[in-house]
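J.: My structure is stored as coords.txt, with compact mmCIF, N, CA, C and O atoms.
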```
# COMPACT_ATOMS: atom_id res chain seq x y z
N MET A 1 96.44 128.05 138.95
CA MET A 1 97.73 127.49 138.61
C MET A 1 98.67 128.62 138.20
O MET A 1 98.28 129.55 137.50
N ARG A 2 99.89 128.54 138.63
CA ARG A 2 100.84 129.62 138.34
C ARG A 2 101.46 129.42 136.95
O ARG A 2 101.47 128.31 136.41
N LYS A 3 101.93 130.49 136.39
CA LYS A 3 102.56 130.45 135.08
C LYS A 3 103.97 129.89 135.19
O LYS A 3 104.69 130.17 136.14
N LEU A 4 104.32 129.07 134.20
CA LEU A 4 105.67 128.52 134.16
C LEU A 4 106.61 129.50 133.47
O LEU A 4 106.20 130.25 132.58
N PRO A 5 107.87 129.48 133.83
CA PRO A 5 108.82 130.34 133.11
C PRO A 5 108.95 129.87 131.65
O PRO A 5 108.61 128.75 131.30
N LYS A 6 109.46 130.73 130.80
CA LYS A 6 109.60 130.45 129.37
C LYS A 6 110.48 129.23 129.09
O LYS A 6 110.33 128.57 128.08
N ILE A 7 111.35 128.88 129.98
CA ILE A 7 112.25 127.76 129.76
C ILE A 7 111.45 126.45 129.69
O ILE A 7 111.76 125.58 128.91
N TYR A 8 110.40 126.30 130.47
CA TYR A 8 109.65 125.06 130.56
C TYR A 8 108.48 124.97 129.57
O TYR A 8 107.87 123.94 129.46
N GLN A 9 108.18 126.03 128.88
CA GLN A 9 107.05 126.01 127.96
C GLN A 9 107.47 125.38 126.63
O GLN A 9 108.56 125.61 126.13
N ASN A 10 106.57 124.57 126.08
CA ASN A 10 106.81 123.91 124.82
C ASN A 10 106.15 124.72 123.70
O ASN A 10 104.99 125.11 123.81
N ASN A 11 106.89 124.96 122.64
CA ASN A 11 106.31 125.67 121.49
C ASN A 11 105.48 124.70 120.67
O ASN A 11 105.95 123.64 120.28
N PHE A 12 104.27 125.07 120.39
CA PHE A 12 103.34 124.21 119.65
C PHE A 12 102.97 124.94 118.37
O PHE A 12 102.15 125.87 118.38
N ASN A 13 103.55 124.51 117.24
CA ASN A 13 103.34 125.19 115.97
C ASN A 13 102.67 124.30 114.93
O ASN A 13 102.64 124.64 113.76
N LYS A 14 102.14 123.15 115.34
CA LYS A 14 101.54 122.21 114.39
C LYS A 14 100.06 122.51 114.21
O LYS A 14 99.38 122.97 115.12
N LYS A 15 99.57 122.21 113.03
CA LYS A 15 98.15 122.33 112.77
C LYS A 15 97.47 121.02 113.15
O LYS A 15 97.90 119.94 112.74
N ILE A 16 96.41 121.08 113.92
CA ILE A 16 95.71 119.89 114.40
C ILE A 16 94.63 119.51 113.39
O ILE A 16 93.77 120.34 113.06
N MET A 17 94.68 118.27 112.92
CA MET A 17 93.69 117.78 111.95
C MET A 17 93.18 116.42 112.42
O MET A 17 93.45 115.40 111.81
N ASN A 18 92.47 116.38 113.51
CA ASN A 18 91.92 115.13 114.03
C ASN A 18 90.70 114.73 113.22
O ASN A 18 89.78 115.51 113.03
N ASN A 19 90.67 113.48 112.76
CA ASN A 19 89.53 112.89 112.07
C ASN A 19 89.13 113.64 110.80
O ASN A 19 87.96 113.75 110.48
N LYS A 20 90.08 114.17 110.08
CA LYS A 20 89.77 114.88 108.85
C LYS A 20 89.80 113.96 107.63
O LYS A 20 89.20 114.26 106.63
N GLU A 21 90.52 112.85 107.71
CA GLU A 21 90.62 111.95 106.58
C GLU A 21 89.96 110.62 106.93
O GLU A 21 90.20 110.06 107.99
N VAL A 22 89.12 110.13 106.02
CA VAL A 22 88.39 108.89 106.24
C VAL A 22 88.57 108.03 105.00
O VAL A 22 88.58 108.52 103.87
N CYS A 23 88.70 106.73 105.21
CA CYS A 23 88.87 105.80 104.10
C CYS A 23 87.79 104.73 104.18
O CYS A 23 87.60 104.10 105.21
N TYR A 24 87.06 104.50 103.10
CA TYR A 24 86.06 103.45 103.02
C TYR A 24 86.47 102.46 101.93
O TYR A 24 86.85 102.87 100.84
N LEU A 25 86.39 101.18 102.23
CA LEU A 25 86.72 100.14 101.26
C LEU A 25 85.44 99.45 100.82
O LEU A 25 84.68 98.96 101.65
N LYS A 26 85.22 99.39 99.52
CA LYS A 26 84.02 98.74 99.00
C LYS A 26 84.29 97.32 98.57
O LYS A 26 83.51 96.43 98.84
N ASN A 27 85.37 97.09 97.88
CA ASN A 27 85.68 95.76 97.36
C ASN A 27 86.45 94.96 98.39
O ASN A 27 87.47 95.41 98.91
N GLU A 28 85.95 93.76 98.68
CA GLU A 28 86.66 92.89 99.60
C GLU A 28 87.54 91.94 98.81
O GLU A 28 87.17 91.46 97.74
N ASP A 29 88.68 91.68 99.33
CA ASP A 29 89.62 90.79 98.67
C ASP A 29 89.21 89.34 98.92
O ASP A 29 88.88 88.96 100.04
N SER A 30 89.20 88.51 97.89
CA SER A 30 88.79 87.12 98.05
C SER A 30 89.79 86.33 98.89
O SER A 30 89.44 85.34 99.51
N ARG A 31 91.04 86.80 98.96
CA ARG A 31 92.03 86.12 99.79
C ARG A 31 91.67 86.23 101.27
O ARG A 31 91.91 85.32 102.03
N LYS A 32 91.07 87.33 101.66
CA LYS A 32 90.64 87.49 103.05
C LYS A 32 89.58 86.47 103.40
O LYS A 32 89.57 85.92 104.49
N GLU A 33 88.65 86.21 102.47
CA GLU A 33 87.60 85.23 102.72
C GLU A 33 88.20 83.83 102.89
O GLU A 33 87.79 83.08 103.77
N LYS A 34 89.17 83.47 102.06
CA LYS A 34 89.81 82.17 102.18
C LYS A 34 90.57 82.06 103.48
O LYS A 34 90.57 81.01 104.12
N GLN A 35 91.22 83.14 103.91
CA GLN A 35 91.92 83.12 105.19
C GLN A 35 90.92 83.00 106.34
O GLN A 35 91.19 82.30 107.31
N ASP A 36 89.77 83.66 106.20
CA ASP A 36 88.76 83.56 107.24
C ASP A 36 88.26 82.13 107.37
O ASP A 36 88.04 81.65 108.48
N ILE A 37 88.07 81.43 106.26
CA ILE A 37 87.61 80.04 106.29
C ILE A 37 88.65 79.18 106.98
O ILE A 37 88.32 78.36 107.84
N GLN A 38 89.92 79.37 106.64
CA GLN A 38 90.99 78.60 107.29
C GLN A 38 91.04 78.90 108.78
O GLN A 38 91.21 77.99 109.60
N GLU A 39 90.88 80.17 109.16
CA GLU A 39 90.91 80.54 110.58
C GLU A 39 89.75 79.92 111.34
O GLU A 39 89.92 79.46 112.47
N ILE A 40 88.57 79.90 110.74
CA ILE A 40 87.40 79.30 111.40
C ILE A 40 87.60 77.80 111.55
O ILE A 40 87.28 77.23 112.61
N LEU A 41 88.14 77.13 110.53
CA LEU A 41 88.39 75.70 110.63
C LEU A 41 89.43 75.40 111.72
O LEU A 41 89.25 74.46 112.50
N ILE A 42 90.46 76.20 111.80
CA ILE A 42 91.47 76.01 112.85
C ILE A 42 90.84 76.23 114.22
O ILE A 42 91.10 75.49 115.16
N GLU A 43 89.99 77.24 114.32
CA GLU A 43 89.32 77.53 115.59
C GLU A 43 88.41 76.38 116.02
O GLU A 43 88.37 76.02 117.20
N ILE A 44 87.71 75.78 115.07
CA ILE A 44 86.80 74.67 115.38
C ILE A 44 87.59 73.45 115.85
O ILE A 44 87.25 72.82 116.85
N PHE A 45 88.66 73.11 115.15
CA PHE A 45 89.40 71.89 115.46
C PHE A 45 90.37 72.04 116.62
O PHE A 45 90.73 71.06 117.25
N SER A 46 90.81 73.25 116.93
CA SER A 46 91.75 73.41 118.02
C SER A 46 91.11 73.99 119.28
O SER A 46 91.79 74.23 120.26
N GLY A 47 89.80 74.21 119.25
CA GLY A 47 89.12 74.76 120.41
C GLY A 47 88.91 73.74 121.50
O GLY A 47 89.24 72.56 121.38
N ILE A 48 88.32 74.20 122.59
CA ILE A 48 88.03 73.31 123.72
C ILE A 48 86.86 72.41 123.34
O ILE A 48 85.86 72.87 122.79
N GLY A 49 86.97 71.15 123.62
CA GLY A 49 85.91 70.20 123.30
C GLY A 49 86.15 69.51 121.97
O GLY A 49 87.19 69.66 121.35
N TYR A 50 85.15 68.77 121.56
CA TYR A 50 85.24 68.01 120.32
C TYR A 50 84.61 68.78 119.17
O TYR A 50 83.61 69.47 119.35
N SER A 51 85.18 68.64 117.98
CA SER A 51 84.68 69.37 116.83
C SER A 51 83.30 68.88 116.39
O SER A 51 82.53 69.64 115.82
N TYR A 52 82.98 67.62 116.65
CA TYR A 52 81.68 67.10 116.21
C TYR A 52 80.54 67.58 117.10
O TYR A 52 79.38 67.35 116.78
N ASN A 53 80.83 68.25 118.20
CA ASN A 53 79.79 68.84 119.04
C ASN A 53 79.43 70.26 118.63
O ASN A 53 78.54 70.86 119.20
N ILE A 54 80.15 70.81 117.66
CA ILE A 54 79.92 72.19 117.21
C ILE A 54 79.15 72.16 115.89
O ILE A 54 79.69 71.74 114.86
N PRO A 55 77.88 72.58 115.87
CA PRO A 55 77.14 72.61 114.61
C PRO A 55 77.60 73.79 113.74
O PRO A 55 77.85 74.88 114.23
N VAL A 56 77.74 73.53 112.45
CA VAL A 56 78.19 74.55 111.51
C VAL A 56 77.28 74.58 110.29
O VAL A 56 76.60 73.60 109.97
N LEU A 57 77.28 75.72 109.62
CA LEU A 57 76.56 75.89 108.35
C LEU A 57 77.61 76.19 107.29
O LEU A 57 78.30 77.21 107.36
N ILE A 58 77.75 75.28 106.33
CA ILE A 58 78.77 75.40 105.29
C ILE A 58 78.06 75.66 103.96
O ILE A 58 77.19 74.90 103.56
N LYS A 59 78.45 76.74 103.28
CA LYS A 59 77.90 77.05 101.96
C LYS A 59 78.98 76.82 100.91
O LYS A 59 80.08 77.33 101.01
N THR A 60 78.62 76.02 99.91
CA THR A 60 79.49 75.82 98.76
C THR A 60 78.76 76.31 97.53
O THR A 60 77.61 76.74 97.61
N SER A 61 79.39 76.21 96.39
CA SER A 61 78.73 76.64 95.16
C SER A 61 77.60 75.69 94.76
O SER A 61 76.68 76.08 94.06
N ASN A 62 77.65 74.45 95.23
CA ASN A 62 76.65 73.45 94.85
C ASN A 62 75.56 73.24 95.88
O ASN A 62 74.41 72.99 95.53
N LYS A 63 75.89 73.32 97.17
CA LYS A 63 74.98 72.87 98.20
C LYS A 63 75.23 73.61 99.51
O LYS A 63 76.30 74.17 99.71
N ILE A 64 74.23 73.59 100.39
CA ILE A 64 74.36 74.13 101.74
C ILE A 64 74.28 72.97 102.72
O ILE A 64 73.33 72.19 102.69
N TYR A 65 75.29 72.84 103.58
CA TYR A 65 75.36 71.75 104.55
C TYR A 65 75.11 72.32 105.94
O TYR A 65 75.73 73.31 106.32
N GLU A 66 74.25 71.68 106.71
CA GLU A 66 74.05 72.02 108.11
C GLU A 66 74.40 70.77 108.92
O GLU A 66 73.58 69.86 109.07
N THR A 67 75.61 70.72 109.41
CA THR A 67 76.14 69.50 110.00
C THR A 67 77.25 69.85 110.98
O THR A 67 77.46 71.02 111.30
N SER A 68 77.97 68.86 111.44
CA SER A 68 79.16 69.04 112.29
C SER A 68 80.36 68.47 111.57
O SER A 68 80.23 67.60 110.71
N LEU A 69 81.54 68.96 111.92
CA LEU A 69 82.76 68.52 111.26
C LEU A 69 83.45 67.44 112.09
O LEU A 69 83.49 67.51 113.31
N ILE A 70 83.95 66.43 111.40
CA ILE A 70 84.64 65.32 112.05
C ILE A 70 86.15 65.45 111.91
O ILE A 70 86.88 65.37 112.87
N ALA A 71 86.63 65.65 110.68
CA ALA A 71 88.07 65.67 110.44
C ALA A 71 88.39 66.68 109.35
O ALA A 71 87.54 67.07 108.55
N LYS A 72 89.66 67.10 109.34
CA LYS A 72 90.15 68.03 108.32
C LYS A 72 91.48 67.53 107.81
O LYS A 72 92.36 67.18 108.59
N THR A 73 91.59 67.46 106.49
CA THR A 73 92.87 67.14 105.87
C THR A 73 93.39 68.42 105.23
O THR A 73 92.83 69.49 105.43
N LYS A 74 94.43 68.30 104.43
CA LYS A 74 94.99 69.50 103.80
C LYS A 74 94.02 70.13 102.82
O LYS A 74 93.93 71.34 102.71
N ASN A 75 93.25 69.31 102.11
CA ASN A 75 92.39 69.82 101.05
C ASN A 75 90.89 69.60 101.30
O ASN A 75 90.08 70.19 100.61
N ASN A 76 90.52 68.75 102.25
CA ASN A 76 89.12 68.37 102.43
C ASN A 76 88.69 68.47 103.88
O ASN A 76 89.52 68.48 104.79
N VAL A 77 87.36 68.51 104.06
CA VAL A 77 86.75 68.46 105.37
C VAL A 77 85.74 67.32 105.34
O VAL A 77 84.97 67.19 104.39
N VAL A 78 85.73 66.50 106.39
CA VAL A 78 84.79 65.38 106.48
C VAL A 78 83.72 65.76 107.50
O VAL A 78 84.04 66.21 108.60
N THR A 79 82.44 65.57 107.12
CA THR A 79 81.34 65.94 107.99
C THR A 79 80.82 64.73 108.75
O THR A 79 81.21 63.60 108.50
N LEU A 80 79.90 64.99 109.66
CA LEU A 80 79.27 63.94 110.46
C LEU A 80 78.42 63.01 109.60
O LEU A 80 78.22 61.85 109.93
N ASP A 81 77.95 63.51 108.45
CA ASP A 81 77.13 62.73 107.53
C ASP A 81 77.97 61.97 106.51
O ASP A 81 77.44 61.56 105.46
N ASN A 82 79.26 61.82 106.74
CA ASN A 82 80.20 61.12 105.85
C ASN A 82 80.29 61.76 104.47
O ASN A 82 80.44 61.07 103.46
N GLU A 83 80.20 63.06 104.41
CA GLU A 83 80.37 63.78 103.15
C GLU A 83 81.73 64.46 103.16
O GLU A 83 82.15 65.02 104.17
N ILE A 84 82.41 64.41 102.04
CA ILE A 84 83.73 65.02 101.91
C ILE A 84 83.57 66.30 101.11
O ILE A 84 83.09 66.29 99.98
N ILE A 85 83.96 67.43 101.73
CA ILE A 85 83.81 68.75 101.10
C ILE A 85 85.21 69.31 100.86
O ILE A 85 85.98 69.47 101.80
N PRO A 86 85.55 69.63 99.60
CA PRO A 86 86.84 70.27 99.33
C PRO A 86 86.86 71.68 99.93
O PRO A 86 85.90 72.44 99.81
N ILE A 87 87.94 72.04 100.59
CA ILE A 87 88.04 73.34 101.26
C ILE A 87 88.02 74.48 100.25
O ILE A 87 87.45 75.54 100.52
N ASN A 88 88.59 74.28 99.07
CA ASN A 88 88.62 75.36 98.08
C ASN A 88 87.25 75.66 97.48
O ASN A 88 87.06 76.68 96.85
N GLN A 89 86.25 74.79 97.69
CA GLN A 89 84.90 75.05 97.20
C GLN A 89 84.01 75.70 98.25
O GLN A 89 82.90 76.10 97.95
N ILE A 90 84.49 75.83 99.49
CA ILE A 90 83.69 76.44 100.55
C ILE A 90 83.65 77.95 100.36
O ILE A 90 84.69 78.60 100.26
N ILE A 91 82.43 78.49 100.27
CA ILE A 91 82.26 79.93 100.13
C ILE A 91 82.22 80.58 101.50
O ILE A 91 82.86 81.61 101.72
N SER A 92 81.45 80.01 102.42
CA SER A 92 81.39 80.56 103.78
C SER A 92 81.12 79.43 104.76
O SER A 92 80.55 78.40 104.41
N ILE A 93 81.52 79.67 106.00
CA ILE A 93 81.30 78.70 107.07
C ILE A 93 80.97 79.50 108.33
O ILE A 93 81.63 80.48 108.64
N LYS A 94 79.90 79.07 109.01
CA LYS A 94 79.46 79.76 110.23
C LYS A 94 79.16 78.75 111.32
O LYS A 94 78.62 77.69 111.05
N LYS A 95 79.51 79.13 112.54
CA LYS A 95 79.11 78.31 113.69
C LYS A 95 77.66 78.64 114.02
O LYS A 95 77.25 79.78 113.98
N LEU A 96 76.88 77.62 114.34
CA LEU A 96 75.49 77.84 114.71
C LEU A 96 75.34 77.88 116.21
O LEU A 96 76.09 77.46 116.98
```
Mind turning this structure into structure tokens?

T.:
Amino acid sequence: MRKLPKIYQNNFNKKIMNNKEVCYLKNEDSRKEKQDIQEILIEIFSGIGYSYNIPVLIKTSNKIYETSLIAKTKNNVVTLDNEIIPINQIISIKKL
């Protein structure tokens, strides 16, 4: 390759520091967990198919439910076993 004239050359005077700084987060924010629960509930109820065909595992502070969801209101979730679970008491929810 031939050399370019000085007019076309770019002066490069910066120091390159690729991947020199790393950040690790240890504490998770509880608001993220609540948002994740809301996102999962929205995904279950707005997805393709019926929500009662999707088995879920719901953990609360009192009990662990392995069931399907029928309906969702602003504050509660109704399961296939006719149990009403308050959304603010749900610790985690997973699709099975």

J.: Within 7 Å of (81.2, 66.0, 109.5) (file coordinates; only C-alpha atoms), which protein or nucleic acid residues are there? I'd like them as number ranges by chain.

T.: A: 52, 67-71, 78-83

J.: Nearest residue to Ser92 of chain A out of A:Ile58, A:Ile44, A:Ile7, A:Ile37, using all atoms listed in the file?

T.: A:Ile58

J.: Atom N of Gly47 of chain A and atom CA of Lys95 of chain A are how many Å apart?

T.: 12.7 Å

J.: Taking only N, CA, C and O atoms into account, name the residue in A:Thr60, A:Leu41, A:Asn53, A:Glu66 that is nearest to Asn88 of chain A.

T.: A:Thr60

J.: Using Å and a single decimal, report how far atom CA of Tyr50 of chain A sits from atom CA of Ile85 of chain A.

T.: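 A separation of 19.3 Å between them.
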
J.: Find, counting only C-alpha atoms, the residue in A:Arg2, A:Ile93, A:Glu39, A:Phe12 that gets nearest to Pro55 of chain A.

T.: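 When distances to Pro55 of chain A are compared using only C-alpha atoms, the smallest one comes from A:Ile93.
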
J.: What does the distance from atom CA of Lys94 of chain A to atom CA of Leu57 of chain A come to in Å, to one decimal?

T.: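 One can read the atom CA of Lys94 of chain A to atom CA of Leu57 of chain A distance as 5.2 Å.
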
J.: Which one of A:Pro86, A:Asn18, A:Thr73, A:Asn62 sits closest to Phe45 of chain A if you count only C-alpha atoms?

T.: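 For Phe45 of chain A, the nearest of the given residues is A:Thr73.
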
J.: Adding 5 Å on each side of the box along x, y and z that holds all listed atoms of segment 68-79 of chain A, could you give its centre and edge lengths in Å to one decimal, as lines of an AutoDock Vina configuration file?

T.:
```
center_x = 86.5
center_y = 67.5
center_z = 107.0
size_x = 27.0
size_y = 17.7
size_z = 22.7
```

J.: Given the choices A:Gly49, A:Leu96, A:Lys72, A:Lys15, which gets closest to Ile84 of chain A if the distance is worked out from only C-alpha atoms?

T.: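 With only C-alpha atoms as the atom set, the closest residue is A:Lys72.
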